[in-house]
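Visitor: A single structure is presented below for examination.
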Amino acid sequence: GLDRGAKGQISTLGGFPSSVSQKKEATENKSSPTHLVSPNIKNVRDLPPICLDVRQKQRIPIDTLPSEMKAPVLTEPILPTQPKTMKDFQEDVEKAKPSGDWKTVHDFYLTTFDSFPGLNAIFKKDAAASFNTIEDSGINAKFVNAVYDALLNTPQDIQKTVLKGIINSLLREWKGPRTKDDLRAYFILLQNPQFNNTSTYVIYAHLLRQTATLVEADHHFLVHWFKKLSQKRFKQLVERLLQFISLRLFPAKPEEFPPIAKCSWWIPSASKVLALLNTANNLVDPPLIPYTDFYNSTLDHIDLMEEYHTWQSFGNSHSRFSFCQYPFVISIAAKKIIIQRDSEQQMISIARQSLVDKVSRRQRPDMNMLFLNMKVRRTHLVSDSLDELTRKRADLKKKLKVTFVGEAGLDMGGLTKEWFLLLIRQIFHPDYGMFTYHKDSHCHWFSSFKCDNYSEFRLVGILMGLAVYNSITLDIRFPPCCYKKLLSPPIVPSDQNTPVGICSVAIDDLCQIMPELAHGLTELLSYEGNVEEDFYSTFQVFQEEFGIIKSYNLKPGGDKIPVTNQNRKEYVQLYTDFLINKSIYKQFAAFYYGFHSVCASNALMLLRPEEVEILVCGSPELDMHALQRSTQYDGYAKTDLTIRYFWDVVLGFPLDLQKKLLHFTTGSDRVPVGGMADLNFKISKNETSTNWLPVAHTCFNQLCLPPYKSKKDLKQKLIIGISNSEGFGLE
């Protein structure tokens, strides 16, 4: 009977999309749902708006649905007179398995999924309660999980019944403002594992569309409900959406879906719902899943620059969709490609302009004008580099080439890398006084010493920018909050009076720099005695500068305000902000402007702080098998006995020795964004005595290995070499 339903009878499905504008009008005419104030709601407000394509009136013919899913004329939903409990349901399923009589289970699924009220009647903890709080969805999550886990093991007719019921409920609930019961229904339906199957994608797309076009206040509720899901269920939701986007972009069977022109709203709808999940994930500490689990590697194979240029032209406006509106789905490798190509285009543009200017003045063009040429003396490395970069500020976005005065040799990449290595090593040396190394956290932080000139901090910022711009990995150890500050804001403000490098900080950020101090402040917060009498502290802090103790008030009159049990949270917050933001403001501002003088690109807005760190310093994740596969050989073959000994030893090393080997041969123990293959690692035969230790040329990522005769000898010499390799053998 379902298949005989005339198309005219189901015309409301065709009106599915077109009723968005009616729903919107109805929503605007009604008073919007109550906003519950939450300190984290601003994160939800920052979500990019759904693109206009999602709101356009496009009729999707019923023919796009599989025949078994075509719904008849809608009737009033049948609500269960006496809702089953989870125990009742599980007993019914267990009885049906051996007997083959699934009628009771079939009736349960039929009445539950046929309407939104049916879903609430079964899964709501208390049918009479409103559950209008942002933190509690009022849904029995265990019952939902049990019903969905059992569903995929039921006969096909039950699974089809559920899908037909979802069609009915979506059609029935399309118009009018939303109640919290409606939100609960969307929340439950999004968890349906049937949507892993491409045959259900037409229904899934409409569910995503309805969810995506809810008003902002409703999205707040969904975000806070999503964050309460278990890690397993949350991850399944994310993976389902990523798969939906991937298969819509590159379908295995194109005929399985409607033409892309008729469902251009599918991907924007899925991306919007994915954005809600991403926001929910960021509200939890620690996050439910790593931010990298939101990456969609399929996007590495689309025209990323077209997406980027679309985003640059239209931003987050409603007129055009771009994946750059949802940068959390773009992998770090793809973002690096965008930044590199954007950098290359800027390099070419600036070099071309230099050439045109030269020709217009009737001067003979010189190839050197196409590069940022650095001429420095090894004995005056920092001062020469600073002078050169200051004089050639207009050339910073040209390709970098380095020459050491008095030395022959062309820079084919090796001299540039050596310049970075030597300069970073000198600037970050404790005797230089610019940065303080904290042994507990193994990282550097800005010295708070006041000085007349902060140009050298600007130089470090320029160095980091040049490294990103020229795809060079630096051996720098800054805490994660440094990169958060570097993106505050991601684009340099036009008003020079606007503060830069200031971000919201918490005691966790301080723990990444000064764990001992952070531990002491945490103890203060949890102290059960009388803080004022026992600690005798005020809102004043002291710092030593060149042997002189200086005092700073954390707030006006702070030296006269005692720290008490009542105000200790404020004291800890102000102290943390002072250490990370205020005490080093001028130093970090110079560093910020230096970095952005090179990396002034909208592409930075796509990056998370963690991703900036990976671009600058590389990834800490080592894969020595991948290094083995991509290694090149000079004088050796990969089947030679010495090489086989080498990889047997290296693959058996603990992680700390593997990191030492990488640092010994490349100058850094971290891996570029593109993985081990991007290192261009080479092992060369060193025709010397086997009594010699291995030698490395870090500028070329090259290891020179004598032909050791035994594995034991090779292991012993290699460990000695990589464990005692401070300094360069330069004369």
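Going through the structure tokens in order, the chains are called A, B, and so on, while each chain numbers its residues from 1 and the ligands are numbered from 1 in the order shown.
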Give the strand (DSSP E) residues of range 257-472 of chain A, as assigned by DSSP on the backbone, as a VMD selection string.
Guide: chain A and resid 371 to 376 399 to 404 435 to 438 443 to 446
Visitor: Store the residues of this selection in a file with N, CA and C atoms, as a PDB file, in the first residue's frame.
Guide:
ATOM      1  N   PHE A 371      65.040  38.018  -4.397  1.00  0.00           N
ATOM      2  CA  PHE A 371      65.203  37.278  -3.149  1.00  0.00           C
ATOM      3  C   PHE A 371      65.422  38.228  -1.972  1.00  0.00           C
ATOM      4  N   LEU A 372      65.176  37.696  -0.779  1.00  0.00           N
ATOM      5  CA  LEU A 372      65.582  38.368   0.452  1.00  0.00           C
ATOM      6  C   LEU A 372      66.996  37.874   0.741  1.00  0.00           C
ATOM      7  N   ASN A 373      67.985  38.667   0.375  1.00  0.00           N
ATOM      8  CA  ASN A 373      69.383  38.254   0.494  1.00  0.00           C
ATOM      9  C   ASN A 373      69.958  38.715   1.829  1.00  0.00           C
ATOM     10  N   MET A 374      70.386  37.759   2.640  1.00  0.00           N
ATOM     11  CA  MET A 374      70.962  38.050   3.951  1.00  0.00           C
ATOM     12  C   MET A 374      72.475  37.806   3.894  1.00  0.00           C
ATOM     13  N   LYS A 375      73.272  38.842   4.166  1.00  0.00           N
ATOM     14  CA  LYS A 375      74.727  38.701   4.243  1.00  0.00           C
ATOM     15  C   LYS A 375      75.128  38.967   5.685  1.00  0.00           C
ATOM     16  N   VAL A 376      75.630  37.928   6.349  1.00  0.00           N
ATOM     17  CA  VAL A 376      75.929  38.042   7.781  1.00  0.00           C
ATOM     18  C   VAL A 376      77.305  37.465   8.092  1.00  0.00           C
ATOM     19  N   LYS A 399      61.717  35.126  -1.415  1.00  0.00           N
ATOM     20  CA  LYS A 399      62.402  33.878  -1.068  1.00  0.00           C
ATOM     21  C   LYS A 399      63.721  34.190  -0.367  1.00  0.00           C
ATOM     22  N   LEU A 400      63.987  33.503   0.753  1.00  0.00           N
ATOM     23  CA  LEU A 400      65.160  33.786   1.589  1.00  0.00           C
ATOM     24  C   LEU A 400      66.420  33.113   1.041  1.00  0.00           C
ATOM     25  N   LYS A 401      67.520  33.881   0.982  1.00  0.00           N
ATOM     26  CA  LYS A 401      68.838  33.327   0.624  1.00  0.00           C
ATOM     27  C   LYS A 401      69.866  33.922   1.571  1.00  0.00           C
ATOM     28  N   VAL A 402      70.745  33.072   2.098  1.00  0.00           N
ATOM     29  CA  VAL A 402      71.715  33.499   3.112  1.00  0.00           C
ATOM     30  C   VAL A 402      73.137  33.306   2.602  1.00  0.00           C
ATOM     31  N   THR A 403      73.988  34.304   2.884  1.00  0.00           N
ATOM     32  CA  THR A 403      75.422  34.204   2.578  1.00  0.00           C
ATOM     33  C   THR A 403      76.198  34.548   3.840  1.00  0.00           C
ATOM     34  N   PHE A 404      77.163  33.691   4.190  1.00  0.00           N
ATOM     35  CA  PHE A 404      78.069  33.989   5.308  1.00  0.00           C
ATOM     36  C   PHE A 404      79.291  34.697   4.736  1.00  0.00           C
ATOM     37  N   PHE A 435      65.307  35.275  26.885  1.00  0.00           N
ATOM     38  CA  PHE A 435      64.341  34.252  27.278  1.00  0.00           C
ATOM     39  C   PHE A 435      64.857  33.490  28.496  1.00  0.00           C
ATOM     40  N   THR A 436      63.922  33.054  29.311  1.00  0.00           N
ATOM     41  CA  THR A 436      64.260  32.252  30.490  1.00  0.00           C
ATOM     42  C   THR A 436      63.853  30.810  30.228  1.00  0.00           C
ATOM     43  N   TYR A 437      64.783  29.886  30.487  1.00  0.00           N
ATOM     44  CA  TYR A 437      64.461  28.473  30.301  1.00  0.00           C
ATOM     45  C   TYR A 437      63.974  27.888  31.620  1.00  0.00           C
ATOM     46  N   HIS A 438      62.782  27.291  31.598  1.00  0.00           N
ATOM     47  CA  HIS A 438      62.200  26.685  32.797  1.00  0.00           C
ATOM     48  C   HIS A 438      62.394  25.173  32.716  1.00  0.00           C
ATOM     49  N   CYS A 443      60.636  24.443  28.661  1.00  0.00           N
ATOM     50  CA  CYS A 443      60.275  25.430  27.637  1.00  0.00           C
ATOM     51  C   CYS A 443      60.880  26.793  27.977  1.00  0.00           C
ATOM     52  N   HIS A 444      60.923  27.655  26.973  1.00  0.00           N
ATOM     53  CA  HIS A 444      61.404  29.017  27.146  1.00  0.00           C
ATOM     54  C   HIS A 444      60.223  29.959  27.334  1.00  0.00           C
ATOM     55  N   TRP A 445      60.466  31.045  28.077  1.00  0.00           N
ATOM     56  CA  TRP A 445      59.450  32.094  28.208  1.00  0.00           C
ATOM     57  C   TRP A 445      60.147  33.445  28.178  1.00  0.00           C
ATOM     58  N   PHE A 446      59.395  34.467  27.828  1.00  0.00           N
ATOM     59  CA  PHE A 446      59.945  35.804  27.647  1.00  0.00           C
ATOM     60  C   PHE A 446      60.440  36.371  28.978  1.00  0.00           C
TER      61      PHE A 446
END
Visitor: Tell me, as a tab-separated table (two decimals) with N, CA, C and O atoms, in the first residue's frame, which residues lie within 6 Å of range 321-330 of chain A, counting only C-alpha atoms; anything in the same chain fewer than 4 positions away does not count.
Guide:
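Below is the file that was written, out_4.tsv:
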chain	number	residue	atom	x	y	z
A	51	CYS	N	25.00	28.59	5.10
A	51	CYS	CA	25.03	29.33	3.85
A	51	CYS	C	23.64	29.43	3.25
A	51	CYS	O	22.73	28.67	3.57
A	294	PHE	N	38.37	15.79	13.97
A	294	PHE	CA	37.43	16.52	13.12
A	294	PHE	C	37.98	16.75	11.71
A	294	PHE	O	37.25	17.20	10.83
A	295	TYR	N	39.27	16.44	11.50
A	295	TYR	CA	39.86	16.62	10.17
A	295	TYR	C	39.18	15.69	9.17
A	295	TYR	O	38.94	14.52	9.47
A	296	ASN	N	38.91	16.21	7.99
A	296	ASN	CA	38.38	15.39	6.90
A	296	ASN	C	39.45	15.31	5.81
A	296	ASN	O	39.63	16.25	5.04
A	307	GLU	N	38.58	27.13	-2.61
A	307	GLU	CA	37.85	27.30	-1.35
A	307	GLU	C	38.35	28.53	-0.60
A	307	GLU	O	37.55	29.31	-0.05
A	311	TRP	N	36.31	32.01	0.18
A	311	TRP	CA	36.17	32.49	1.57
A	311	TRP	C	36.70	33.91	1.70
A	311	TRP	O	36.10	34.75	2.39
A	316	ASN	N	32.22	34.80	5.82
A	316	ASN	CA	31.22	33.90	6.40
A	316	ASN	C	29.81	34.32	6.01
A	316	ASN	O	28.85	34.01	6.71
A	606	LEU	N	42.61	30.50	9.83
A	606	LEU	CA	42.16	29.11	9.74
A	606	LEU	C	42.81	28.24	10.81
A	606	LEU	O	42.38	27.10	11.02
Visitor: Do you have the CA of Lys712 in chain A-CA of Lys682 in chain A distance handy?
Guide: 22.2 Å
Visitor: Give me, as a list of chain:residue names, all polymer residues having an atom no more than 10 Å from Gly465 in chain A, counting only C-alpha atoms and skipping those fewer than 3 positions away in the same chain.
Guide: A:Leu396, A:Lys397, A:Leu459, A:Val460, A:Gly461, A:Ile462, A:Val468, A:Tyr469, A:Asn470, A:Ser471, A:Ile472, A:Tyr592, A:Gly594, A:Phe595, A:His596, A:Ser597, A:Val598, A:Cys599, A:Ala600, A:Val616
Visitor: For Arg209 in chain A, find every residue with an atom within 8 Å (counting only C-alpha atoms), except residues of its own chain fewer than 2 positions away, and show them as a PyMOL selection string.
Guide: chain A and resi 54+205-207+211-213+265-266+269-270
Visitor: Can those selected residues be exported to a file as a short mmCIF file (atom, residue, chain, number, x, y, z; two decimals), in the first residue's frame so that it contains all heavy atoms?
Guide:
data_model
loop_
_atom_site.label_atom_id
_atom_site.label_comp_id
_atom_site.auth_asym_id
_atom_site.auth_seq_id
_atom_site.Cartn_x
_atom_site.Cartn_y
_atom_site.Cartn_z
N VAL A 54 21.38 26.63 1.84
CA VAL A 54 20.62 25.76 2.73
C VAL A 54 19.21 26.29 2.90
O VAL A 54 18.29 25.56 3.23
CB VAL A 54 21.33 25.68 4.09
CG1 VAL A 54 20.56 24.80 5.03
CG2 VAL A 54 22.72 25.14 3.91
N ALA A 205 20.04 13.80 5.25
CA ALA A 205 20.27 15.18 4.81
C ALA A 205 19.16 16.10 5.29
O ALA A 205 19.41 17.23 5.73
CB ALA A 205 20.37 15.22 3.28
N HIS A 206 17.91 15.63 5.21
CA HIS A 206 16.79 16.47 5.67
C HIS A 206 16.82 16.66 7.19
O HIS A 206 16.48 17.73 7.70
CB HIS A 206 15.46 15.88 5.21
CG HIS A 206 15.17 16.13 3.77
ND1 HIS A 206 15.55 15.24 2.78
CD2 HIS A 206 14.57 17.17 3.14
CE1 HIS A 206 15.18 15.73 1.60
NE2 HIS A 206 14.58 16.89 1.79
N LEU A 207 17.22 15.62 7.91
CA LEU A 207 17.37 15.76 9.36
C LEU A 207 18.45 16.79 9.68
O LEU A 207 18.26 17.66 10.56
CB LEU A 207 17.74 14.40 9.97
CG LEU A 207 18.15 14.41 11.45
CD1 LEU A 207 17.01 14.91 12.33
CD2 LEU A 207 18.60 13.01 11.89
N THR A 211 18.03 20.48 11.57
CA THR A 211 18.85 20.78 12.74
C THR A 211 19.69 22.03 12.51
O THR A 211 19.81 22.89 13.39
CB THR A 211 19.78 19.59 13.06
OG1 THR A 211 19.01 18.39 13.16
CG2 THR A 211 20.52 19.82 14.37
N ALA A 212 20.26 22.14 11.31
CA ALA A 212 21.14 23.28 11.00
C ALA A 212 20.40 24.60 11.00
O ALA A 212 20.97 25.64 11.35
CB ALA A 212 21.81 23.05 9.65
N THR A 213 19.12 24.58 10.62
CA THR A 213 18.38 25.84 10.49
C THR A 213 17.59 26.20 11.74
O THR A 213 16.76 27.11 11.71
CB THR A 213 17.41 25.77 9.27
OG1 THR A 213 16.63 24.57 9.37
CG2 THR A 213 18.18 25.76 7.98
N TRP A 265 22.65 21.94 -0.68
CA TRP A 265 22.53 22.26 0.75
C TRP A 265 22.98 21.11 1.65
O TRP A 265 23.09 21.27 2.86
CB TRP A 265 21.08 22.64 1.08
CG TRP A 265 20.06 21.68 0.52
CD1 TRP A 265 19.47 21.75 -0.70
CD2 TRP A 265 19.53 20.51 1.14
NE1 TRP A 265 18.60 20.69 -0.89
CE2 TRP A 265 18.61 19.91 0.23
CE3 TRP A 265 19.73 19.90 2.38
CZ2 TRP A 265 17.91 18.74 0.53
CZ3 TRP A 265 19.03 18.74 2.68
CH2 TRP A 265 18.14 18.17 1.75
N TRP A 266 23.26 19.94 1.10
CA TRP A 266 23.65 18.79 1.92
C TRP A 266 24.92 19.07 2.73
O TRP A 266 24.94 18.93 3.95
CB TRP A 266 23.89 17.56 1.02
CG TRP A 266 22.64 16.83 0.61
CD1 TRP A 266 21.41 17.36 0.41
CD2 TRP A 266 22.53 15.43 0.30
NE1 TRP A 266 20.53 16.39 0.00
CE2 TRP A 266 21.20 15.19 -0.07
CE3 TRP A 266 23.43 14.38 0.30
CZ2 TRP A 266 20.73 13.92 -0.43
CZ3 TRP A 266 22.98 13.10 -0.07
CH2 TRP A 266 21.63 12.89 -0.43
N SER A 269 24.71 21.92 5.37
CA SER A 269 23.94 21.49 6.53
C SER A 269 24.76 20.60 7.44
O SER A 269 24.79 20.77 8.67
CB SER A 269 22.68 20.74 6.09
OG SER A 269 21.83 21.57 5.34
N ALA A 270 25.46 19.63 6.83
CA ALA A 270 26.29 18.71 7.63
C ALA A 270 27.42 19.48 8.31
O ALA A 270 27.77 19.20 9.46
CB ALA A 270 26.87 17.62 6.73
#
Visitor: Just to confirm, what's the straight-line distance from CA of Gly618 in chain A to CA of Leu679 in chain A in Å (one decimal)?
Guide: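 These two atoms are separated by 10.9 Å.
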Visitor: From the set A:Gly520, A:Pro287, A:Pro251, A:Pro193, which residue has the shortest atom-to-atom contact distance to Gln231 in chain A, counting only C-alpha atoms?
Guide: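 Smallest separation from Gln231 in chain A among the options: A:Pro287.
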Visitor: Please provide the set of residues having any atom within 12 Å of Arg364 in chain A, restricted to only C-alpha atoms, with same-chain residues fewer than 6 positions apart removed, written as an MDAnalysis selection string.
Guide: chainID A and resid 354:358
Visitor: Write a file of the just-selected residues containing C-alpha atoms, as a PDB file, in the first residue's frame.
Guide:
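That gives us part24.pdb:
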ATOM      1  CA  SER A 354      60.325  44.822  -7.866  1.00  0.00           C
ATOM      2  CA  LEU A 355      61.147  43.789 -11.423  1.00  0.00           C
ATOM      3  CA  VAL A 356      58.568  46.179 -12.917  1.00  0.00           C
ATOM      4  CA  ASP A 357      59.862  49.060 -10.768  1.00  0.00           C
ATOM      5  CA  LYS A 358      63.431  48.390 -11.901  1.00  0.00           C
TER       6      LYS A 358
END
Visitor: Mind checking which residues fall within 12 Å of Tyr432 in chain A, counting only C-alpha atoms, ignoring those fewer than 2 positions away in the same chain, and posting them as a compact mmCIF listing (two decimals) with all heavy atoms, in the first residue's frame?
Guide:
# COMPACT_ATOMS: atom_id res chain seq x y z
N VAL A 382 73.77 37.90 15.38
CA VAL A 382 72.51 38.52 15.78
C VAL A 382 72.43 39.96 15.29
O VAL A 382 71.43 40.37 14.69
CB VAL A 382 72.34 38.47 17.32
CG1 VAL A 382 71.07 39.21 17.74
CG2 VAL A 382 72.26 37.02 17.79
N LEU A 423 71.28 31.04 14.72
CA LEU A 423 70.66 32.25 15.27
C LEU A 423 69.73 31.91 16.44
O LEU A 423 69.76 32.55 17.49
CB LEU A 423 69.89 32.97 14.16
CG LEU A 423 69.54 34.45 14.38
CD1 LEU A 423 70.78 35.25 14.75
CD2 LEU A 423 68.89 35.01 13.13
N ILE A 424 68.92 30.87 16.25
CA ILE A 424 68.00 30.45 17.32
C ILE A 424 68.79 30.00 18.54
O ILE A 424 68.48 30.36 19.68
CB ILE A 424 67.08 29.31 16.81
CG1 ILE A 424 66.08 29.84 15.80
CG2 ILE A 424 66.36 28.63 17.97
CD1 ILE A 424 65.09 30.84 16.34
N ARG A 425 69.86 29.24 18.29
CA ARG A 425 70.67 28.74 19.41
C ARG A 425 71.28 29.91 20.20
O ARG A 425 71.32 29.89 21.43
CB ARG A 425 71.77 27.83 18.87
CG ARG A 425 72.66 27.27 19.96
CD ARG A 425 73.51 26.15 19.41
NE ARG A 425 72.70 25.00 19.06
CZ ARG A 425 73.17 23.76 18.98
NH1 ARG A 425 74.44 23.53 19.24
NH2 ARG A 425 72.39 22.77 18.64
N GLN A 426 71.72 30.94 19.49
CA GLN A 426 72.37 32.07 20.17
C GLN A 426 71.35 32.93 20.92
O GLN A 426 71.57 33.31 22.07
CB GLN A 426 73.11 32.92 19.13
CG GLN A 426 74.06 33.94 19.75
CD GLN A 426 75.03 34.51 18.73
OE1 GLN A 426 75.40 33.82 17.78
NE2 GLN A 426 75.45 35.74 18.91
N ILE A 427 70.23 33.21 20.29
CA ILE A 427 69.22 34.08 20.90
C ILE A 427 68.62 33.44 22.15
O ILE A 427 68.33 34.13 23.12
CB ILE A 427 68.11 34.41 19.86
CG1 ILE A 427 68.64 35.43 18.85
CG2 ILE A 427 66.86 34.95 20.54
CD1 ILE A 427 67.70 35.69 17.70
N PHE A 428 68.43 32.13 22.11
CA PHE A 428 67.77 31.46 23.23
C PHE A 428 68.76 30.99 24.31
O PHE A 428 68.35 30.37 25.28
CB PHE A 428 66.95 30.26 22.73
CG PHE A 428 65.63 30.67 22.13
CD1 PHE A 428 65.55 31.07 20.81
CD2 PHE A 428 64.48 30.68 22.89
CE1 PHE A 428 64.34 31.46 20.25
CE2 PHE A 428 63.27 31.06 22.36
CZ PHE A 428 63.20 31.46 21.03
N HIS A 429 70.02 31.32 24.15
CA HIS A 429 71.00 30.96 25.19
C HIS A 429 70.71 31.77 26.45
O HIS A 429 70.45 32.98 26.37
CB HIS A 429 72.42 31.23 24.69
CG HIS A 429 73.47 30.56 25.51
ND1 HIS A 429 73.89 31.05 26.74
CD2 HIS A 429 74.18 29.41 25.31
CE1 HIS A 429 74.81 30.26 27.24
NE2 HIS A 429 75.01 29.25 26.40
N PRO A 430 70.75 31.14 27.62
CA PRO A 430 70.42 31.86 28.87
C PRO A 430 71.27 33.11 29.09
O PRO A 430 70.78 34.11 29.62
CB PRO A 430 70.71 30.81 29.96
CG PRO A 430 70.59 29.49 29.28
CD PRO A 430 71.04 29.72 27.88
N MET A 434 67.31 37.17 26.81
CA MET A 434 66.00 37.49 26.21
C MET A 434 64.92 36.53 26.69
O MET A 434 63.76 36.92 26.85
CB MET A 434 66.09 37.43 24.68
CG MET A 434 66.83 38.58 24.06
SD MET A 434 66.94 38.40 22.27
CE MET A 434 65.22 38.49 21.79
N PHE A 435 65.31 35.27 26.89
CA PHE A 435 64.34 34.25 27.28
C PHE A 435 64.86 33.49 28.50
O PHE A 435 66.06 33.33 28.67
CB PHE A 435 64.09 33.27 26.12
CG PHE A 435 63.47 33.92 24.92
CD1 PHE A 435 64.28 34.38 23.88
CD2 PHE A 435 62.10 34.09 24.82
CE1 PHE A 435 63.72 35.00 22.77
CE2 PHE A 435 61.54 34.70 23.71
CZ PHE A 435 62.35 35.16 22.69
N THR A 436 63.92 33.05 29.31
CA THR A 436 64.26 32.25 30.49
C THR A 436 63.85 30.81 30.23
O THR A 436 62.74 30.56 29.78
CB THR A 436 63.51 32.77 31.74
OG1 THR A 436 63.81 34.16 31.90
CG2 THR A 436 63.92 32.01 32.98
N TYR A 437 64.78 29.89 30.49
CA TYR A 437 64.46 28.47 30.30
C TYR A 437 63.97 27.89 31.62
O TYR A 437 64.63 28.01 32.65
CB TYR A 437 65.69 27.69 29.82
CG TYR A 437 65.40 26.24 29.55
CD1 TYR A 437 64.63 25.86 28.45
CD2 TYR A 437 65.86 25.24 30.40
CE1 TYR A 437 64.35 24.53 28.19
CE2 TYR A 437 65.59 23.90 30.15
CZ TYR A 437 64.83 23.55 29.04
OH TYR A 437 64.54 22.24 28.81
N PHE A 446 59.39 34.47 27.83
CA PHE A 446 59.94 35.80 27.65
C PHE A 446 60.44 36.37 28.98
O PHE A 446 59.74 36.29 29.99
CB PHE A 446 58.87 36.73 27.06
CG PHE A 446 58.46 36.35 25.67
CD1 PHE A 446 57.60 35.27 25.46
CD2 PHE A 446 58.91 37.04 24.57
CE1 PHE A 446 57.22 34.89 24.18
CE2 PHE A 446 58.55 36.68 23.29
CZ PHE A 446 57.70 35.61 23.09
N SER A 447 61.64 36.95 28.94
CA SER A 447 62.16 37.60 30.14
C SER A 447 61.38 38.89 30.39
O SER A 447 61.08 39.64 29.44
CB SER A 447 63.64 37.93 29.94
OG SER A 447 64.10 38.77 30.96
N GLU A 456 65.08 43.10 19.27
CA GLU A 456 65.54 41.71 19.13
C GLU A 456 64.38 40.72 19.32
O GLU A 456 64.40 39.63 18.77
CB GLU A 456 66.67 41.43 20.11
CG GLU A 456 67.96 42.15 19.69
CD GLU A 456 69.13 41.88 20.60
OE1 GLU A 456 68.91 41.31 21.69
OE2 GLU A 456 70.26 42.24 20.23
N PHE A 457 63.36 41.13 20.09
CA PHE A 457 62.16 40.29 20.19
C PHE A 457 61.41 40.31 18.86
O PHE A 457 60.83 39.30 18.45
CB PHE A 457 61.26 40.78 21.32
CG PHE A 457 61.79 40.47 22.69
CD1 PHE A 457 62.44 41.44 23.44
CD2 PHE A 457 61.66 39.20 23.24
CE1 PHE A 457 62.96 41.16 24.70
CE2 PHE A 457 62.16 38.91 24.49
CZ PHE A 457 62.82 39.89 25.23
Visitor: Taking only residues of range 146-171 of chain A that have an atom at most 12 Å from an atom of range 83-87 of chain A, what is each one's shortest atom pair and its distance in Å to one decimal, using only C-alpha atoms, in chain and number order, as a tab-separated table?
Guide:
residue	atom	partner	partner_atom	distance
A:Ala146	CA	A:Met86	CA	7.6
A:Val147	CA	A:Met86	CA	8.3
A:Tyr148	CA	A:Met86	CA	11.9
A:Ala150	CA	A:Met86	CA	11.6
Visitor: Enter the distance from CA of Ala590 in chain A to CA of Gln340 in chain A, in Å, rounded to one decimal.
Guide: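 If I compute the distance from CA of Ala590 in chain A to CA of Gln340 in chain A, I get 24.3 Å.
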Visitor: Between A:Pro620, A:Thr198, A:Arg172, A:Pro177, which has the minimum distance to Glu255 in chain A (counting only C-alpha atoms)?
Guide: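 The answer is A:Thr198, which sits nearest to Glu255 in chain A.
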Visitor: Taking the chain letters and numbering used in this document, name the residues of range 154-249 of chain A that DSSP puts in helix (DSSP H, G or I), as number ranges by chain.
Guide: A: 156-172, 180-189, 193-196, 198-212, 216-226, 231-249
Visitor: Pick out the closest residue to Gln346 in chain A from this set: A:Ser271, A:Gln540, A:Gln243, A:Ser601. Count only C-alpha atoms.
Guide: A:Ser601
